[in-house]
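Enquirer: Starting off with a structure, shown below.
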Amino acid sequence: MDLIFVKRSGKFDDLTIIRENGEPEAISCPKQGIIPHDMVHYAAESVLAHRGFLSLVNEGRSAEFGTKGGDSEEAIERLVEALQAEMWGGRVPAADLIATYELACAVRGHTVAPISEADVDAIRQRLDDLSRQWSAVRVNEALKVRF
C-alpha cells in the first residue's frame with residue numbers, strides 16, 4: 001500500500017492511500033506543527049508488527065473509520081499519541097516514553113502492545129528521517145512512502 005502525503009497551505013494536509021488493487025482513498029490530516037498524525041502511524045506500524053490504523057486500512061477498512069478499532073489498534077493509537085507528545089515537547093529516555101505509553105493504555109482500559117527500548121529507538125530514527133523529508137516538501141508537493 002502506498003501512502004502519499006501532500007503538504008497544503010491551510011489547516012489540513014492530504015493523504016491519499018493507494019491500495020494494492022490500485023483503489024485510492026483520500027483523507028484530510030489536520031496540521032500539527034510536526035509531521036502528519038498518520039505519518040507517525042506509518043513510523044510506528046512499519047517498525048512494529050502490531051496492528052493499528054494503517055494495518056486496518058491495508059486490510060480493506062475505510063480510512064474514515066477513525067481510531068475505533070480493537071484492543072491492538074487502540075494500543076497503537078496510544079503509542080502514536082505518546083510519540084507525538086515527545087515530538088512536540090522533546091525527547092525523553094526510552095524507558096520514560098514506554099512508561100507513559102503503558103499508563104495511557106491502563107487509563108483507557110486496554111492492553112499494551114509489547115515495545116522495547118530498541119523498538120523506540122528504531123521508531124525515533126524513522127520519525128527523524130520522515131521529519132527531515134517532510135521539512136523539505138514544499139506546499140502542494142508530496143512525500144510518498146510504502147506500507
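The way I read the labels, and the way they are meant: chains A, B, ... in the order of the C-alpha cells, residue 1 as the first residue of every chain, and ligand 1 as the first ligand shown, with later ones counted on from there.
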Need to verify the contact set: Arg146 (chain A), 7 Å, only C-alpha atoms, exclusion of same-chain residues closer than 6 positions in sequence. Can you return it as a ChimeraX atom specification?

Expert: /A:1-3

Enquirer: Output as an MDAnalysis selection string all residues of region 6-134 of chain A that backbone DSSP marks as alpha helix (DSSP H).

Expert: chainID A and resid 37:47 53:58 71:89 94:108 117:134

Enquirer: Report as a PyMOL selection string all protein, DNA and RNA residues lying within 10 Å of Arg126 (chain A), evaluated on only C-alpha atoms, omitting residues in the same chain fewer than 2 positions from it.

Expert: chain A and resi 40+42-44+46-47+120-124+128-132

Enquirer: How would the residues just picked look written out with C-alpha atoms as an mmCIF file, in the first residue's frame?

Expert:
data_model
loop_
_atom_site.group_PDB
_atom_site.id
_atom_site.type_symbol
_atom_site.label_atom_id
_atom_site.label_comp_id
_atom_site.auth_asym_id
_atom_site.auth_seq_id
_atom_site.Cartn_x
_atom_site.Cartn_y
_atom_site.Cartn_z
ATOM 1 C CA VAL A 40 3.534 8.937 12.857
ATOM 2 C CA TYR A 42 3.405 4.835 9.490
ATOM 3 C CA ALA A 43 6.627 5.170 11.506
ATOM 4 C CA ALA A 44 5.316 3.114 14.419
ATOM 5 C CA SER A 46 6.197 -0.052 9.885
ATOM 6 C CA VAL A 47 8.672 -0.812 12.693
ATOM 7 C CA VAL A 120 11.536 3.028 20.417
ATOM 8 C CA ASP A 121 14.985 3.822 19.004
ATOM 9 C CA ALA A 122 14.029 2.383 15.594
ATOM 10 C CA ILE A 123 10.756 4.325 15.520
ATOM 11 C CA ARG A 124 12.547 7.522 16.535
ATOM 12 C CA ASP A 128 13.698 11.703 12.336
ATOM 13 C CA ASP A 129 14.063 10.619 8.699
ATOM 14 C CA LEU A 130 10.424 11.410 7.928
ATOM 15 C CA SER A 131 10.648 14.783 9.685
ATOM 16 C CA ARG A 132 13.682 15.758 7.585
#

Enquirer: Could you check the closest approach to Met87 (chain A) for each of A:Thr16, A:Ser9, A:Gln32, A:Ser135 and tell me which residue wins, using only C-alpha atoms?

Expert: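 So, comparing all the options, the nearest one is A:Gln32.
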
Enquirer: Out of A:His37, A:Arg61, A:Arg51, A:His110, which residue has the shortest atom-to-atom distance to Ala85 (chain A) when counting only C-alpha atoms?

Expert: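 When distances to Ala85 (chain A) are compared using only C-alpha atoms, the smallest one comes from A:His37.
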
Enquirer: Using DSSP on the backbone, list every residue of chain A that comes out as strand (DSSP E or B), and give them as a tab-separated table (two decimals) with N, CA and C atoms, in the first residue's frame.

Expert:
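Written file, selection19.tsv:
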chain	number	residue	atom	x	y	z
A	2	ASP	N	0.58	2.18	-0.87
A	2	ASP	CA	1.32	3.44	-0.92
A	2	ASP	C	0.57	4.51	-0.16
A	3	LEU	N	1.31	5.36	0.53
A	3	LEU	CA	0.76	6.50	1.25
A	3	LEU	C	1.39	7.75	0.65
A	4	ILE	N	0.56	8.63	0.13
A	4	ILE	CA	1.05	9.85	-0.49
A	4	ILE	C	0.55	11.04	0.34
A	5	PHE	N	1.47	11.65	1.07
A	5	PHE	CA	1.16	12.80	1.90
A	5	PHE	C	1.45	14.07	1.10
A	6	VAL	N	0.48	14.98	1.02
A	6	VAL	CA	0.65	16.23	0.30
A	6	VAL	C	0.55	17.38	1.29
A	12	PHE	N	-5.08	21.84	6.90
A	12	PHE	CA	-5.01	20.40	6.68
A	12	PHE	C	-3.99	20.07	5.61
A	13	ASP	N	-3.35	18.93	5.77
A	13	ASP	CA	-2.57	18.31	4.71
A	13	ASP	C	-3.44	17.18	4.17
A	14	ASP	N	-3.03	16.57	3.08
A	14	ASP	CA	-3.80	15.49	2.47
A	14	ASP	C	-3.02	14.19	2.52
A	15	LEU	N	-3.75	13.11	2.61
A	15	LEU	CA	-3.18	11.77	2.49
A	15	LEU	C	-4.03	11.00	1.50
A	16	THR	N	-3.37	10.48	0.47
A	16	THR	CA	-4.03	9.56	-0.45
A	16	THR	C	-3.43	8.20	-0.23
A	17	ILE	N	-4.29	7.24	0.00
A	17	ILE	CA	-3.90	5.84	0.21
A	17	ILE	C	-4.19	5.10	-1.08
A	18	ILE	N	-3.19	4.43	-1.61
A	18	ILE	CA	-3.37	3.63	-2.82
A	18	ILE	C	-3.19	2.17	-2.41
A	24	PRO	N	-7.78	4.17	-4.81
A	24	PRO	CA	-7.33	5.26	-3.95
A	24	PRO	C	-8.39	5.66	-2.93
A	25	GLU	N	-7.94	6.19	-1.82
A	25	GLU	CA	-8.83	6.80	-0.84
A	25	GLU	C	-8.09	8.00	-0.27
A	26	ALA	N	-8.76	9.14	-0.25
A	26	ALA	CA	-8.15	10.38	0.23
A	26	ALA	C	-8.79	10.81	1.54
A	27	ILE	N	-7.95	11.27	2.46
A	27	ILE	CA	-8.43	11.84	3.71
A	27	ILE	C	-7.63	13.10	4.01
A	28	SER	N	-8.19	13.97	4.84
A	28	SER	CA	-7.51	15.16	5.29
A	28	SER	C	-6.82	14.88	6.62
A	29	CYS	N	-5.66	15.49	6.80
A	29	CYS	CA	-4.89	15.33	8.03
A	29	CYS	C	-4.70	16.71	8.66
A	30	PRO	N	-5.30	16.96	9.83
A	30	PRO	CA	-5.10	18.27	10.46
A	30	PRO	C	-3.61	18.54	10.70
A	142	ALA	N	4.46	16.40	-2.60
A	142	ALA	CA	4.12	15.17	-1.89
A	142	ALA	C	5.34	14.42	-1.39
A	143	LEU	N	5.09	13.61	-0.38
A	143	LEU	CA	6.05	12.63	0.13
A	143	LEU	C	5.34	11.29	0.09
A	144	LYS	N	5.94	10.34	-0.63
A	144	LYS	CA	5.33	9.02	-0.81
A	144	LYS	C	6.14	7.99	-0.03
A	145	VAL	N	5.42	7.13	0.72
A	145	VAL	CA	6.06	6.03	1.44
A	145	VAL	C	5.25	4.75	1.15
A	146	ARG	N	5.89	3.64	1.33
A	146	ARG	CA	5.26	2.33	1.08
A	146	ARG	C	5.05	1.63	2.41

Enquirer: Nearest to Gly90 (chain A): which of A:Glu74, A:Ile34, A:Lys11, A:Ala113 is it, counting only C-alpha atoms?

Expert: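 Residue with the minimum atom-to-atom distance to Gly90 (chain A): A:Ile34.
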
Enquirer: One decimal, Å: what's the distance from CA of Cys105 (chain A) over to CA of Phe53 (chain A), could you say?

Expert: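 Between CA of Cys105 (chain A) and CA of Phe53 (chain A) the gap works out to 16.1 Å.
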
Enquirer: Smallest atom-to-atom distance to Lys31 (chain A): which of A:Ser116, A:Ser72, A:Ile98, A:Arg8, using only C-alpha atoms?

Expert: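 Closest residue, counting only C-alpha atoms: A:Arg8.
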
Enquirer: For Gln84 (chain A), which residue out of A:Val57, A:Leu97, A:Arg138, A:Ser62 is the nearest one, using only C-alpha atoms?

Expert: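 With only C-alpha atoms as the atom set, the closest residue is A:Leu97.
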
Enquirer: So, counting only C-alpha atoms, which residue among A:Ile35, A:Glu20, A:Ala99, A:Arg108 is closest to Val137 (chain A)?

Expert: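 For Val137 (chain A), the nearest of the candidates is A:Ile35.
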